[in-house]
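Undergrad: Mind having a look at this structure? Questions to follow.
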Amino acid sequence: MKTIITTLGVLCAVALFAVQSEADEPGRRFTATAVVTDSMGTNSMPMTLIANRFTSVEQAQHLAGLLEQGGQGALVSALNGRSDGQLMLGALQMPVALVVAEEQGGGYRYLFLTPRRIQVAEETFGEESLGYPFGIAVFEVNDFGDGEGKLHMAAALSIDADGHIEVDDYDGEDGRLENVSLAD
């Protein structure tokens with residue numbers, strides 16, 4: 001059993017790194033105000049998201065098989081060590097393992113995925129939360145680089161047939177990203 005899991009982890013890592021990033025797309029830096037509610041109430045804090053490289057929706061579609069075969073844990077293993085950017089929330093800094101960019105009408109939709117949950121307060125998640133290993137920021141910006149979005153502190157994901165990543169929030173209470181702005 002241990003050999004099967006290890007082999008699956010290696011295959012997942014190979015599959016993820018086979019997803020090529022957009023080399024001709026320059027890096028981007030976004031600023032926002034994150035509004036999150038936790039056991040202490042509602043808090044607002046500054047947030048910066050830096051993308052060093054991007055993955056297209058078509059490229060992300062290759063991850064669907066990885067999720068189907070190995071679940072959330074296989075994707076976490078495959079993302080281990082990958083660094084496509086950085087998420088800074090207040091004093092908290094986290095690596096971003098995957099940035100998916102999708103052109104939409106008059107702008108873009110960005111999804112920043114961290115390989116672990118985003119914790120801004122000392123909270124204890126129950127065992128049922130183990131299937132929600134990711135922290136995810138997703139937002140849309142217009143042609144001027146301004147927009148709004150959501151912050152998922154503990155989430156699981158799935159990928160539809162067209163390669164779009166769908167987010168399942170652990171507690172159903174998304175944080176908000178307000179005043180998103182392209183800083184560079």
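Please note that chains go A, B, ... in the order of the structure tokens, that every chain numbers its residues from 1, and that ligands are numbered from 1 in the order shown.
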For the contact check between stretch 84-180 of chain A and stretch 47-55 of chain A, emit one row per residue of stretch 84-180 of chain A within 7 Å, containing the shortest atom pair and the distance in Å rounded to one decimal, counting only C-alpha atoms, chain then rising number order, as CSV.

TA:
residue,atom,partner,partner_atom,distance
A:Asp84,CA,A:Asn52,CA,5.2
A:Gly85,CA,A:Ala51,CA,4.4
A:Gln86,CA,A:Ile50,CA,5.1
A:Leu87,CA,A:Leu49,CA,4.7
A:Met88,CA,A:Thr48,CA,5.1
A:Leu89,CA,A:Met47,CA,4.5
A:Gly90,CA,A:Met47,CA,6.3
A:Val99,CA,A:Phe54,CA,5.2
A:Val100,CA,A:Thr55,CA,4.7
A:Ala101,CA,A:Phe54,CA,6.2

Undergrad: As number ranges by chain, please: all residues of stretch 48-182 of chain A that backbone DSSP puts in strand (DSSP E or B).

TA: A: 48-51, 55, 85-89, 92-96, 98-104, 107-114, 134-142, 146-159, 165-169, 175-182

Undergrad: When you look at A:Leu111 with a cut-off of 10 Å (counting only C-alpha atoms), what residues show up, excluding the ones that are within fewer than 4 positions of it in the same chain? I need them as a list in words.

TA: Phe54, Thr55, Leu98, Val99, Val100, Ala101, Glu102, Ile136, Ala137, Val138, Phe139, Glu140, Gly149, Lys150, Leu151, Ile165 and Val167 of chain A

Undergrad: Could you give me, as a list in words, the residues within 6 Å of stretch 33-46 of chain A, counting only C-alpha atoms and dropping anything in the same chain fewer than 4 positions from it?

TA: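 That gives Gly90, Gly175, Arg176, Leu177 and Glu178 of chain A.
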
Undergrad: Contacts of stretch 117-119 of chain A at 6 Å or less, counting only C-alpha atoms, minus same-chain residues fewer than 5 places along, as a PyMOL selection string?

TA: chain A and resi 133-135+153-154

Undergrad: Output as a PyMOL selection string all residues of stretch 37-114 of chain A that backbone DSSP marks as alpha helix (DSSP H).

TA: chain A and resi 57-60+63-79

Undergrad: Please report the interatomic distance between atom CA of A:Gln104 and atom CA of A:Arg116 in Å with one decimal.

TA: 27.6 Å

Undergrad: Which is closest to A:Leu113 among A:Arg82, A:Val141, A:Asp174, A:Ala64, if we use only C-alpha atoms?

TA: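 With only C-alpha atoms as the atom set, the closest residue is A:Arg82.
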
Undergrad: Contacts of A:Ala183 at 9 Å or less, counting only C-alpha atoms, minus same-chain residues fewer than 6 places along, as an mmCIF file with all heavy atoms, in the first residue's frame?

TA:
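Below you can see out-v3.cif, which holds the result:
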data_model
loop_
_atom_site.group_PDB
_atom_site.id
_atom_site.type_symbol
_atom_site.label_atom_id
_atom_site.label_comp_id
_atom_site.auth_asym_id
_atom_site.auth_seq_id
_atom_site.Cartn_x
_atom_site.Cartn_y
_atom_site.Cartn_z
ATOM 1 N N ARG A 28 3.027 39.662 -12.305
ATOM 2 C CA ARG A 28 2.055 40.675 -11.905
ATOM 3 C C ARG A 28 2.026 40.777 -10.392
ATOM 4 O O ARG A 28 2.230 39.797 -9.683
ATOM 5 C CB ARG A 28 0.654 40.305 -12.390
ATOM 6 C CG ARG A 28 0.498 40.233 -13.886
ATOM 7 C CD ARG A 28 0.124 41.607 -14.451
ATOM 8 N NE ARG A 28 0.290 41.694 -15.864
ATOM 9 C CZ ARG A 28 -0.541 41.238 -16.782
ATOM 10 N NH1 ARG A 28 -1.623 40.615 -16.428
ATOM 11 N NH2 ARG A 28 -0.296 41.410 -18.050
ATOM 12 N N ARG A 29 1.721 41.969 -9.902
ATOM 13 C CA ARG A 29 1.589 42.220 -8.470
ATOM 14 C C ARG A 29 0.255 42.919 -8.255
ATOM 15 O O ARG A 29 -0.023 43.946 -8.879
ATOM 16 C CB ARG A 29 2.741 43.100 -8.002
ATOM 17 C CG ARG A 29 2.726 43.419 -6.541
ATOM 18 C CD ARG A 29 4.012 44.194 -6.175
ATOM 19 N NE ARG A 29 3.981 44.620 -4.812
ATOM 20 C CZ ARG A 29 3.573 45.820 -4.404
ATOM 21 N NH1 ARG A 29 3.198 46.725 -5.280
ATOM 22 N NH2 ARG A 29 3.569 46.119 -3.133
ATOM 23 N N PHE A 30 -0.556 42.342 -7.377
ATOM 24 C CA PHE A 30 -1.864 42.906 -7.064
ATOM 25 C C PHE A 30 -1.913 43.266 -5.585
ATOM 26 O O PHE A 30 -1.334 42.564 -4.751
ATOM 27 C CB PHE A 30 -2.979 41.894 -7.340
ATOM 28 C CG PHE A 30 -3.120 41.525 -8.781
ATOM 29 C CD1 PHE A 30 -2.456 40.429 -9.305
ATOM 30 C CD2 PHE A 30 -3.919 42.280 -9.630
ATOM 31 C CE1 PHE A 30 -2.583 40.076 -10.639
ATOM 32 C CE2 PHE A 30 -4.053 41.940 -10.975
ATOM 33 C CZ PHE A 30 -3.378 40.828 -11.469
ATOM 34 N N THR A 31 -2.620 44.338 -5.273
ATOM 35 C CA THR A 31 -2.888 44.691 -3.883
ATOM 36 C C THR A 31 -4.397 44.655 -3.679
ATOM 37 O O THR A 31 -5.164 44.829 -4.630
ATOM 38 C CB THR A 31 -2.335 46.085 -3.526
ATOM 39 O OG1 THR A 31 -2.937 47.056 -4.391
ATOM 40 C CG2 THR A 31 -0.818 46.131 -3.674
ATOM 41 N N GLY A 145 -7.189 46.786 -14.486
ATOM 42 C CA GLY A 145 -6.550 46.059 -13.399
ATOM 43 C C GLY A 145 -7.256 46.201 -12.064
ATOM 44 O O GLY A 145 -6.673 45.899 -11.033
#

Undergrad: Take atom CA of A:Asp162 and atom CA of A:Ala60 and report the distance between them in Å, one decimal.

TA: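 Separation between atom CA of A:Asp162 and atom CA of A:Ala60: 9.3 Å.
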
Undergrad: Please determine, counting only C-alpha atoms, which residue among A:Leu66, A:His152, A:Pro115, A:Gly105 has the shortest atom-to-atom distance to A:Glu166.

TA: A:His152

Undergrad: Between atom CA of A:Val180 and atom CA of A:Gly147, measure the distance and give it in Å to one decimal.

TA: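 Atom-to-atom, atom CA of A:Val180 to atom CA of A:Gly147, that is 4.9 Å.
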
Undergrad: Find the residue from A:Ile159, A:Gly131, A:Ala97, A:Gln61 that sits nearest to A:Ala78; use only C-alpha atoms when measuring.

TA: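 Checking each candidate against A:Ala78, we get A:Ala97 as the closest.
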